[in-house]
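Listing of structure.cif, mmCIF, C-alpha atoms
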```cif
data_final
loop_
_atom_site.group_PDB
_atom_site.id
_atom_site.type_symbol
_atom_site.label_atom_id
_atom_site.label_comp_id
_atom_site.auth_asym_id
_atom_site.auth_seq_id
_atom_site.Cartn_x
_atom_site.Cartn_y
_atom_site.Cartn_z
ATOM 1 C CA MET R 1 19.368 18.800 -9.327
ATOM 2 C CA SER R 2 15.771 18.994 -8.203
ATOM 3 C CA GLY R 3 14.787 17.482 -4.862
ATOM 4 C CA PHE R 4 13.159 14.464 -6.505
ATOM 5 C CA GLY R 5 15.516 13.831 -9.367
ATOM 6 C CA TYR R 6 13.602 15.088 -12.382
ATOM 7 C CA ASN R 7 16.677 17.023 -13.547
ATOM 8 C CA ILE R 8 20.223 15.836 -13.020
ATOM 9 C CA ASN R 9 23.298 18.016 -13.291
ATOM 10 C CA GLY R 10 26.941 17.749 -12.481
ATOM 11 C CA PHE R 11 28.066 14.539 -14.202
ATOM 12 C CA GLY R 12 31.241 16.380 -15.224
ATOM 13 C CA SER R 13 32.209 16.681 -11.554
ATOM 14 C CA PHE R 14 33.454 13.088 -11.548
ATOM 15 C CA PRO R 15 36.131 12.788 -14.273
ATOM 16 C CA SER R 16 37.622 9.652 -12.738
ATOM 17 C CA ARG R 17 34.381 7.684 -12.936
ATOM 18 C CA GLY R 18 32.964 5.700 -15.824
ATOM 19 C CA GLY R 19 29.901 6.667 -17.796
ATOM 20 C CA PRO R 20 26.499 6.846 -16.106
ATOM 21 C CA LEU R 21 24.172 3.842 -16.053
ATOM 22 C CA GLU R 22 20.695 4.328 -17.527
ATOM 23 C CA ILE R 23 18.083 2.716 -15.294
ATOM 24 C CA GLN R 24 14.370 2.500 -14.597
ATOM 25 C CA ALA R 25 13.122 2.178 -11.037
ATOM 26 C CA LEU R 26 10.032 1.007 -9.191
ATOM 27 C CA VAL R 27 9.495 2.626 -5.781
ATOM 28 C CA VAL R 28 6.589 1.323 -3.675
ATOM 29 C CA ALA R 29 5.984 2.487 -0.106
ATOM 30 C CA GLY R 30 4.595 0.421 2.771
ATOM 31 C CA GLY R 31 0.856 -0.231 2.939
ATOM 32 C CA ALA R 32 -1.216 0.803 5.957
ATOM 33 C CA ASN R 33 -2.798 -1.303 8.658
ATOM 34 C CA SER R 34 -6.474 -0.882 9.387
ATOM 35 C CA GLY R 35 -8.708 -0.243 12.316
ATOM 36 C CA TYR R 36 -10.744 -2.830 14.184
ATOM 37 C CA ASP R 37 -14.451 -2.884 14.980
ATOM 38 C CA ARG R 38 -16.302 -1.943 11.760
ATOM 39 C CA ALA R 39 -13.206 -0.696 9.934
ATOM 40 C CA GLY R 40 -12.308 0.271 6.404
ATOM 41 C CA GLY R 41 -9.466 -1.344 4.477
ATOM 42 C CA GLY R 42 -5.910 -0.021 4.673
ATOM 43 C CA GLY R 43 -4.625 2.085 1.792
ATOM 44 C CA ALA R 44 -1.791 0.803 -0.392
ATOM 45 C CA GLY R 45 1.616 2.414 -0.329
ATOM 46 C CA GLY R 46 2.296 5.052 -2.961
ATOM 47 C CA TYR R 47 3.428 3.683 -6.350
ATOM 48 C CA PHE R 48 6.033 5.212 -8.641
ATOM 49 C CA ALA R 49 7.504 3.854 -11.878
ATOM 50 C CA SER R 50 10.326 6.127 -13.004
ATOM 51 C CA PRO R 51 11.158 7.087 -16.557
ATOM 52 C CA ALA R 52 14.628 6.218 -17.811
ATOM 53 C CA ARG R 53 17.276 8.221 -15.899
ATOM 54 C CA GLU R 54 21.023 8.033 -15.388
ATOM 55 C CA MET R 55 22.792 7.021 -12.188
ATOM 56 C CA LEU R 56 26.458 7.859 -11.695
ATOM 57 C CA SER R 57 29.170 5.238 -11.708
ATOM 58 C CA GLY R 58 30.786 4.769 -8.306
ATOM 59 C CA VAL R 59 28.062 6.617 -6.386
ATOM 60 C CA GLY R 60 26.239 4.689 -3.652
ATOM 61 C CA TYR R 61 22.470 5.219 -3.849
ATOM 62 C CA THR R 62 20.897 4.607 -0.436
ATOM 63 C CA ILE R 63 17.749 2.489 -0.627
ATOM 64 C CA THR R 64 15.130 2.751 2.138
ATOM 65 C CA ILE R 65 12.228 0.301 2.131
ATOM 66 C CA GLY R 66 9.104 1.509 3.910
ATOM 67 C CA ALA R 67 7.597 -0.782 6.540
ATOM 68 C CA GLY R 68 3.956 -1.747 6.434
ATOM 69 C CA GLY R 69 1.730 -0.354 9.185
ATOM 70 C CA ALA R 70 2.148 -2.670 12.175
ATOM 71 C CA LYS R 71 -0.630 -4.898 13.502
ATOM 72 C CA ALA R 72 -1.757 -3.130 16.670
ATOM 73 C CA ALA R 73 -4.684 -1.491 18.405
ATOM 74 C CA ALA R 74 -3.265 1.801 17.115
ATOM 75 C CA LEU R 75 -3.817 2.922 13.534
ATOM 76 C CA ASN R 76 -0.503 2.854 11.668
ATOM 77 C CA ASN R 77 0.149 4.370 8.274
ATOM 78 C CA GLY R 78 2.681 2.719 5.995
ATOM 79 C CA SER R 79 6.194 4.206 5.857
ATOM 80 C CA ASP R 80 7.863 5.888 2.891
ATOM 81 C CA SER R 81 10.267 4.185 0.476
ATOM 82 C CA LYS R 82 13.011 6.282 -1.136
ATOM 83 C CA ILE R 83 16.305 6.489 -3.005
ATOM 84 C CA VAL R 84 18.856 9.047 -1.757
ATOM 85 C CA ALA R 85 22.320 9.927 -3.131
ATOM 86 C CA ASP R 86 24.972 12.630 -3.432
ATOM 87 C CA GLU R 87 25.317 13.230 -7.166
ATOM 88 C CA GLY R 88 27.592 16.245 -6.796
ATOM 89 C CA SER R 89 25.230 18.809 -5.297
ATOM 90 C CA GLY R 90 24.964 17.342 -1.808
ATOM 91 C CA SER R 91 22.853 14.471 -0.574
ATOM 92 C CA ALA R 92 19.319 14.606 -1.943
ATOM 93 C CA THR R 93 16.274 12.410 -2.384
ATOM 94 C CA ILE R 94 16.125 11.094 -5.921
ATOM 95 C CA TYR R 95 12.737 9.374 -5.716
ATOM 96 C CA GLN R 96 10.276 8.948 -2.836
ATOM 97 C CA SER R 97 6.894 7.233 -2.477
ATOM 98 C CA LYS R 98 4.464 7.948 0.343
ATOM 99 C CA GLY R 99 3.189 5.355 2.827
ATOM 100 C CA GLY R 100 -0.439 4.239 2.645
ATOM 101 C CA GLY R 101 -3.196 5.795 4.769
ATOM 102 C CA VAL R 102 -4.978 3.744 7.435
ATOM 103 C CA GLY R 103 -8.534 2.530 7.244
ATOM 104 C CA GLY R 104 -10.820 4.106 9.828
ATOM 105 C CA ASN R 105 -12.240 2.282 12.859
ATOM 106 C CA GLN R 106 -15.157 2.643 15.262
ATOM 107 C CA SER R 107 -14.128 6.134 16.379
ATOM 108 C CA THR R 108 -11.486 7.388 13.937
ATOM 109 C CA VAL R 109 -11.838 8.446 10.307
ATOM 110 C CA PRO R 110 -9.408 7.008 7.723
ATOM 111 C CA SER R 111 -6.182 8.776 6.772
ATOM 112 C CA SER R 112 -4.875 10.070 3.495
ATOM 113 C CA GLY R 113 -1.635 8.621 2.155
ATOM 114 C CA GLY R 114 -0.033 7.215 -0.977
ATOM 115 C CA SER R 115 -3.498 5.689 -1.320
ATOM 116 C CA GLY R 116 -6.234 6.507 1.185
ATOM 117 C CA GLY R 117 -7.827 4.185 3.740
ATOM 118 C CA GLY R 118 -11.395 2.969 3.474
ATOM 119 C CA GLY R 119 -14.336 4.594 5.280
ATOM 120 C CA SER R 120 -15.608 3.060 8.533
ATOM 121 C CA ILE R 121 -18.493 3.456 10.951
ATOM 122 C CA ALA R 122 -16.950 6.744 12.178
ATOM 123 C CA SER R 123 -18.902 9.671 10.701
ATOM 124 C CA PRO R 124 -18.863 10.892 7.923
ATOM 125 C CA ARG R 125 -17.910 7.357 6.714
ATOM 126 C CA THR R 126 -15.992 8.652 3.709
ATOM 127 C CA GLY R 127 -12.718 7.184 2.455
ATOM 128 C CA GLY R 128 -9.332 8.845 2.896
ATOM 129 C CA ALA R 129 -7.788 10.750 0.003
ATOM 130 C CA ALA R 130 -4.686 9.977 -2.016
ATOM 131 C CA SER R 131 -2.272 12.727 -0.963
ATOM 132 C CA ASN R 132 1.124 12.652 -2.679
ATOM 133 C CA SER R 133 2.066 16.328 -2.873
ATOM 134 C CA GLY R 134 5.859 16.623 -2.668
ATOM 135 C CA TYR R 135 6.302 12.928 -3.526
ATOM 136 C CA ASN R 136 6.838 11.106 -6.807
ATOM 137 C CA SER R 137 4.165 8.528 -6.058
ATOM 138 C CA THR R 138 0.551 8.296 -7.092
ATOM 139 C CA GLY R 139 -2.443 6.413 -5.683
ATOM 140 C CA ASN R 140 -6.205 6.549 -5.207
ATOM 141 C CA ALA R 141 -8.784 7.311 -2.526
ATOM 142 C CA GLY R 142 -10.423 4.780 -0.230
ATOM 143 C CA GLY R 143 -14.066 3.828 -0.683
ATOM 144 C CA ASN R 144 -16.962 5.061 1.475
ATOM 145 C CA ALA R 145 -18.812 3.019 4.089
ATOM 146 C CA ALA R 146 -22.515 2.295 3.757
ATOM 147 C CA TYR R 147 -24.670 2.274 6.882
ATOM 148 C CA VAL R 148 -28.073 0.704 7.517
ATOM 149 C CA SER R 149 -30.098 2.781 9.982
ATOM 150 C CA GLY R 150 -30.735 1.361 13.427
ATOM 151 C CA ASN R 151 -27.210 -0.080 13.642
ATOM 152 C CA LEU R 152 -28.419 -3.214 11.832
ATOM 153 C CA GLY R 153 -25.509 -3.349 9.472
ATOM 154 C CA LEU R 154 -22.450 -1.707 8.015
ATOM 155 C CA ALA R 155 -20.420 -2.343 4.877
ATOM 156 C CA CYS R 156 -17.056 -0.551 5.051
ATOM 157 C CA GLY R 157 -15.060 0.865 2.158
ATOM 158 C CA GLY R 158 -11.990 -0.728 0.629
ATOM 159 C CA GLY R 159 -8.580 0.949 0.753
ATOM 160 C CA GLY R 160 -7.317 2.694 -2.351
ATOM 161 C CA GLY R 161 -4.848 1.004 -4.705
ATOM 162 C CA ALA R 162 -2.320 2.208 -7.263
ATOM 163 C CA SER R 163 -4.637 1.908 -10.263
ATOM 164 C CA ALA R 164 -8.132 2.183 -8.725
ATOM 165 C CA ALA R 165 -10.019 3.708 -5.821
ATOM 166 C CA GLY R 166 -11.339 1.457 -3.067
ATOM 167 C CA GLN R 167 -14.872 0.285 -3.700
ATOM 168 C CA ASN R 168 -17.719 1.745 -1.665
ATOM 169 C CA GLY R 169 -19.569 -0.555 0.722
ATOM 170 C CA GLN R 170 -22.977 -1.668 -0.540
ATOM 171 C CA ALA R 171 -25.901 -1.398 1.902
ATOM 172 C CA SER R 172 -28.765 -2.270 -0.438
ATOM 173 C CA GLY R 173 -29.279 -4.545 -3.395
ATOM 174 C CA SER R 174 -26.048 -6.524 -3.656
ATOM 175 C CA ILE R 175 -24.963 -6.000 -0.049
ATOM 176 C CA GLY R 176 -21.295 -6.330 0.725
ATOM 177 C CA ASN R 177 -18.086 -4.805 2.029
ATOM 178 C CA GLY R 178 -16.036 -2.762 -0.433
ATOM 179 C CA ASP R 179 -13.230 -4.284 -2.463
ATOM 180 C CA GLY R 180 -9.734 -2.876 -2.132
ATOM 181 C CA GLY R 181 -8.558 -0.914 -5.156
ATOM 182 C CA ASP R 182 -6.343 -2.851 -7.559
ATOM 183 C CA GLY R 183 -2.631 -2.177 -7.852
ATOM 184 C CA THR R 184 -0.525 -1.639 -10.974
ATOM 185 C CA ALA R 185 1.739 -4.063 -12.858
ATOM 186 C CA TRP R 186 5.350 -2.922 -13.335
ATOM 187 C CA LEU R 187 7.879 -3.865 -16.024
ATOM 188 C CA ASP R 188 8.638 -7.184 -14.301
ATOM 189 C CA GLY R 189 5.022 -8.267 -14.847
ATOM 190 C CA THR R 190 4.148 -8.244 -11.131
ATOM 191 C CA THR R 191 1.286 -6.169 -9.702
ATOM 192 C CA TYR R 192 2.017 -3.985 -6.660
ATOM 193 C CA ALA R 193 0.188 -1.651 -4.257
ATOM 194 C CA GLY R 194 -3.292 -3.150 -3.921
ATOM 195 C CA GLY R 195 -5.707 -1.797 -1.294
ATOM 196 C CA GLY R 196 -7.126 -3.799 1.621
ATOM 197 C CA GLY R 197 -10.765 -4.856 1.618
ATOM 198 C CA GLY R 198 -13.287 -3.244 3.957
ATOM 199 C CA SER R 199 -15.030 -5.143 6.757
ATOM 200 C CA PHE R 200 -18.700 -5.856 7.281
ATOM 201 C CA TYR R 201 -20.953 -6.084 10.315
ATOM 202 C CA SER R 202 -24.539 -7.271 10.584
ATOM 203 C CA ASP R 203 -27.032 -7.677 13.432
ATOM 204 C CA THR R 204 -29.626 -9.227 11.138
ATOM 205 C CA GLY R 205 -27.849 -11.837 9.049
ATOM 206 C CA GLY R 206 -28.546 -9.824 5.915
ATOM 207 C CA TYR R 207 -24.865 -9.373 5.166
ATOM 208 C CA PRO R 208 -22.504 -12.024 3.809
ATOM 209 C CA SER R 209 -22.431 -15.255 5.799
ATOM 210 C CA VAL R 210 -19.425 -16.504 3.852
ATOM 211 C CA ASP R 211 -15.877 -15.218 3.758
ATOM 212 C CA ARG R 212 -15.443 -12.807 0.835
ATOM 213 C CA ALA R 213 -11.937 -12.362 -0.593
ATOM 214 C CA ASN R 214 -12.311 -8.664 -1.387
ATOM 215 C CA ARG R 215 -8.625 -7.740 -1.458
ATOM 216 C CA GLY R 216 -7.246 -5.498 -4.191
ATOM 217 C CA ALA R 217 -4.931 -7.178 -6.722
ATOM 218 C CA GLY R 218 -1.337 -6.395 -5.830
ATOM 219 C CA GLY R 219 -1.004 -7.588 -2.245
ATOM 220 C CA GLY R 220 -4.054 -6.149 -0.465
ATOM 221 C CA GLY R 221 -5.510 -8.103 2.496
ATOM 222 C CA LYS R 222 -9.130 -9.281 2.572
ATOM 223 C CA GLY R 223 -11.572 -7.588 4.908
ATOM 224 C CA GLY R 224 -12.943 -9.232 8.044
ATOM 225 C CA GLY R 225 -16.526 -9.436 9.183
ATOM 226 C CA VAL R 226 -19.141 -10.406 11.726
ATOM 227 C CA SER R 227 -22.591 -11.710 10.820
ATOM 228 C CA TYR R 228 -25.161 -12.437 13.535
ATOM 229 C CA ILE R 229 -27.639 -14.988 12.255
ATOM 230 C CA THR R 230 -31.099 -13.940 13.431
ATOM 231 C CA GLY R 231 -33.081 -16.570 15.291
ATOM 232 C CA THR R 232 -30.220 -19.033 15.695
ATOM 233 C CA GLY R 233 -27.901 -17.292 18.128
ATOM 234 C CA ASN R 234 -24.965 -18.102 15.848
ATOM 235 C CA VAL R 235 -22.256 -15.646 14.917
ATOM 236 C CA ASN R 236 -19.945 -15.976 11.925
ATOM 237 C CA TYR R 237 -16.540 -14.297 12.343
ATOM 238 C CA PHE R 238 -14.210 -13.651 9.423
ATOM 239 C CA LEU R 239 -10.731 -12.411 10.236
ATOM 240 C CA PRO R 240 -8.974 -9.760 8.119
ATOM 241 C CA GLY R 241 -5.913 -10.530 6.037
ATOM 242 C CA SER R 242 -2.593 -8.708 6.092
ATOM 243 C CA GLY R 243 -1.070 -6.881 3.156
ATOM 244 C CA SER R 244 1.491 -9.088 1.412
ATOM 245 C CA ALA R 245 5.151 -8.402 2.198
ATOM 246 C CA ASN R 246 7.096 -6.335 -0.350
ATOM 247 C CA THR R 247 4.041 -5.346 -2.356
ATOM 248 C CA GLY R 248 2.908 -2.221 -0.489
ATOM 249 C CA GLY R 249 -0.526 -3.821 -0.064
ATOM 250 C CA GLY R 250 -2.958 -2.459 2.531
ATOM 251 C CA SER R 251 -4.395 -4.555 5.361
ATOM 252 C CA GLY R 252 -7.972 -5.746 5.350
ATOM 253 C CA GLY R 253 -10.329 -3.955 7.744
ATOM 254 C CA GLY R 254 -11.258 -5.647 11.034
ATOM 255 C CA SER R 255 -14.791 -5.990 12.332
ATOM 256 C CA ALA R 256 -16.350 -6.369 15.800
ATOM 257 C CA SER R 257 -14.698 -8.065 18.761
ATOM 258 C CA VAL R 258 -13.455 -11.622 18.471
ATOM 259 C CA SER R 259 -12.676 -12.981 21.959
ATOM 260 C CA GLY R 260 -12.424 -9.390 23.166
ATOM 261 C CA SER R 261 -8.989 -8.812 21.652
ATOM 262 C CA TYR R 262 -7.943 -6.435 18.869
ATOM 263 C CA THR R 263 -5.233 -8.935 17.861
ATOM 264 C CA ASN R 264 -7.955 -11.132 16.385
ATOM 265 C CA GLN R 265 -9.535 -8.360 14.365
ATOM 266 C CA THR R 266 -6.791 -6.345 12.713
ATOM 267 C CA ASN R 267 -3.667 -7.069 10.710
ATOM 268 C CA SER R 268 -0.555 -5.434 9.237
ATOM 269 C CA GLY R 269 0.092 -3.627 5.976
ATOM 270 C CA GLY R 270 2.588 -5.018 3.484
ATOM 271 C CA SER R 271 6.135 -3.654 3.371
ATOM 272 C CA GLY R 272 7.322 -1.743 0.319
ATOM 273 C CA ILE R 273 9.829 -2.612 -2.392
ATOM 274 C CA ILE R 274 12.319 -0.922 -4.714
ATOM 275 C CA ILE R 275 13.484 -2.505 -7.973
ATOM 276 C CA ILE R 276 16.083 -1.027 -10.320
ATOM 277 C CA ARG R 277 16.573 -2.435 -13.808
ATOM 278 C CA TYR R 278 18.826 -1.691 -16.775
ATOM 279 C CA ALA R 279 19.599 -3.256 -20.144
ATOM 280 C CA GLY R 280 22.411 -5.779 -20.495
ATOM 281 C CA ALA R 281 24.659 -7.680 -18.131
ATOM 282 C CA THR R 282 25.257 -6.899 -14.452
ATOM 283 C CA ALA R 283 26.791 -3.442 -14.080
ATOM 284 C CA ALA R 284 26.077 -2.573 -10.426
ATOM 285 C CA THR R 285 25.922 -4.049 -6.933
ATOM 286 C CA GLY R 286 23.167 -4.192 -4.349
ATOM 287 C CA GLY R 287 19.944 -6.069 -3.674
ATOM 288 C CA THR R 288 19.027 -9.429 -5.163
ATOM 289 C CA ILE R 289 20.287 -9.542 -8.750
ATOM 290 C CA THR R 290 18.399 -11.426 -11.471
ATOM 291 C CA ALA R 291 18.263 -11.322 -15.265
ATOM 292 C CA ALA R 292 15.297 -11.627 -17.638
ATOM 293 C CA GLY R 293 14.520 -10.558 -21.196
ATOM 294 C CA GLY R 294 17.821 -8.797 -21.748
ATOM 295 C CA TYR R 295 17.594 -6.757 -18.524
ATOM 296 C CA THR R 296 19.287 -6.978 -15.142
ATOM 297 C CA TYR R 297 17.101 -6.415 -12.074
ATOM 298 C CA HIS R 298 18.251 -5.360 -8.586
ATOM 299 C CA THR R 299 15.427 -6.075 -6.118
ATOM 300 C CA PHE R 300 15.492 -4.521 -2.646
ATOM 301 C CA THR R 301 13.107 -6.019 -0.102
ATOM 302 C CA SER R 302 15.047 -4.429 2.759
ATOM 303 C CA SER R 303 17.134 -1.277 2.962
ATOM 304 C CA GLY R 304 20.574 -1.280 1.310
ATOM 305 C CA THR R 305 22.782 0.442 -1.273
ATOM 306 C CA PHE R 306 22.761 0.368 -5.084
ATOM 307 C CA THR R 307 26.151 1.226 -6.640
ATOM 308 C CA PRO R 308 26.767 1.342 -10.406
ATOM 309 C CA ALA R 309 30.214 -0.045 -11.282
#
```
Could you quickly redo this structure as structure tokens?
Amino acid sequence: MSGFGYNINGFGSFPSRGGPLEIQALVVAGGANSGYDRAGGGGAGGYFASPAREMLSGVGYTITIGAGGAKAAALNNGSDSKIVADEGSGSATIYQSKGGGVGGNQSTVPSSGGSGGGGSIASPRTGGAASNSGYNSTGNAGGNAAYVSGNLGLACGGGGGASAAGQNGQASGSIGNGDGGDGTAWLDGTTYAGGGGGSFYSDTGGYPSVDRANRGAGGGGKGGGVSYITGTGNVNYFLPGSGSANTGGGSGGGSASVSGSYTNQTNSGGSGIIIIRYAGATAATGGTITAAGGYTYHTFTSSGTFTPA
């Protein structure tokens, strides 16, 4: 058996068990949080949709759901989601998806991850890469930040999503913070692993003065922003959104200080999810069990065990 389950051997080692159960699995890791103070969007958790494969009757498959990056002053990547079991050759990881990479902040560049975080004011303002070597998951890079000279404005990049890279910030023409990359729809019809939107900052009022819902489809959070309105003394603050729970969505990027506290300008990434489905009636235990279209679904929104009967 390979380390990530592409080849499976040893079914004959269990003569007392019933036949194997053919399944398909979705494995989404936790999305990242994002920085504060002119920050890029958080990258989505890595996304993996397995081909059909067999799981052994009577074997407990350990399910680990990756947490989203916590809301904090620190930058926190998302955590991995995985399926682990002993199929006769010792305990091994069957499938594993990588946690999302954080969006950068005022002094730190974004990280790589299942999908990369969006670029921020920190030079060179480029987005983080999707880096899934050794994992089953895939993802996309975060978008780049766009800077207006003289510190008059900044449009940060969106975090990468499962099906698209984060959008670059726009500093001329149609000015705006970058959208998070969209996620991917699985067999249940739901879209997962969307990137968080980047933030914006303006000293001149030339950037958006309205809240812009620039989250990636699939649970990404919208980016925050600050717009100083020249000549009026007014300041518009827009707070970032969190990644949605059990989607692997990245957090929206935070912008400049609101009441001097990071807690008002950053948010958390969305936790991951694992879903296992197979044709026919219920033939296993574990997770929340539902049926639709001739298939049974076992949905894990927290860690547990999947055991074919």
- Test item: the PyMOL selection byres ((chain R and resi 86) around 10) resolved as a ChimeraX atom specification: /R:56,59-62,84-85,87-94
- Task: I need the residue set behind the PyMOL selection byres ((chain R and resi 185-187) around 10) for this file; please write it as a PyMOL selection string.
- Result: chain R and resi 24-26+47-49+162-163+182-184+188-193+217-218+275+277
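Those residues that approach Ser133 of chain R to within 10 Å, counting all atoms listed in the file, are Lys98, Gly113, Gly114, Ala130, Asn136, Ser137 and Thr138 of chain R; same-chain residues fewer than 3 positions away are not listed.
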Grab all the atoms of segment 174-184 of chain R that the file lists, wrap them in a box along x, y and z, add 3 Å per side, and give me centre plus edge lengths in Å (one decimal) as lines of an AutoDock Vina configuration file.
```
center_x = -13.3
center_y = -3.7
center_z = -4.5
size_x = 31.5
size_y = 11.6
size_z = 19.0
```
Close residues, Tyr135 of chain R itself excluded, 9 Å, only C-alpha atoms, min 5 positions apart in chain, as a PDB file with C-alpha atoms, keeping the file's coordinate frame:
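Written output follows (around16.pdb):
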```
ATOM      1  CA  PHE R   4      13.159  14.464  -6.505  1.00  0.00           C
ATOM      2  CA  GLY R  46       2.296   5.052  -2.961  1.00  0.00           C
ATOM      3  CA  TYR R  95      12.737   9.374  -5.716  1.00  0.00           C
ATOM      4  CA  GLN R  96      10.276   8.948  -2.836  1.00  0.00           C
ATOM      5  CA  SER R  97       6.894   7.233  -2.477  1.00  0.00           C
ATOM      6  CA  LYS R  98       4.464   7.948   0.343  1.00  0.00           C
ATOM      7  CA  GLY R 114      -0.033   7.215  -0.977  1.00  0.00           C
TER       8      GLY R 114
END
```
- Message: Taking only C-alpha atoms into account, name the residue in R:Gly42, R:Pro20, R:Gly178, R:Gly270 that is nearest to Gly219 of chain R.
- Response: R:Gly270
- Distance atom CA of Gly119 of chain R-atom CA of Ala155 of chain R, one decimal place?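 Going from atom CA of Gly119 of chain R over to atom CA of Ala155 of chain R, I get 9.2 Å.
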- Item | Selected residue of minimal separation from Phe306 of chain R among R:Pro240, R:Gly157, R:Gly100, R:Gly287, counting only C-alpha atoms | R:Gly287
- Item | Output check: residues returned by the PyMOL selection byres ((chain R and resi 29) around 6), as a list in words | Val28, Gly30, Gly45, Gly46, Gly66, Asp80, Ser81, Ser97, Lys98, Gly99, Gly248 and Gly272 of chain R
- Pick the closest to Tyr295 of chain R from R:Ala279, R:Ala309, R:Ile83, R:Ile23: which is it, counting all atoms listed in the file? R:Ala279
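In terms of minimum interatomic distance to Ser227 of chain R, R:Leu239 ranks closest within R:Leu239, R:Ile276, R:Ala281, R:Ala141, counting only C-alpha atoms.
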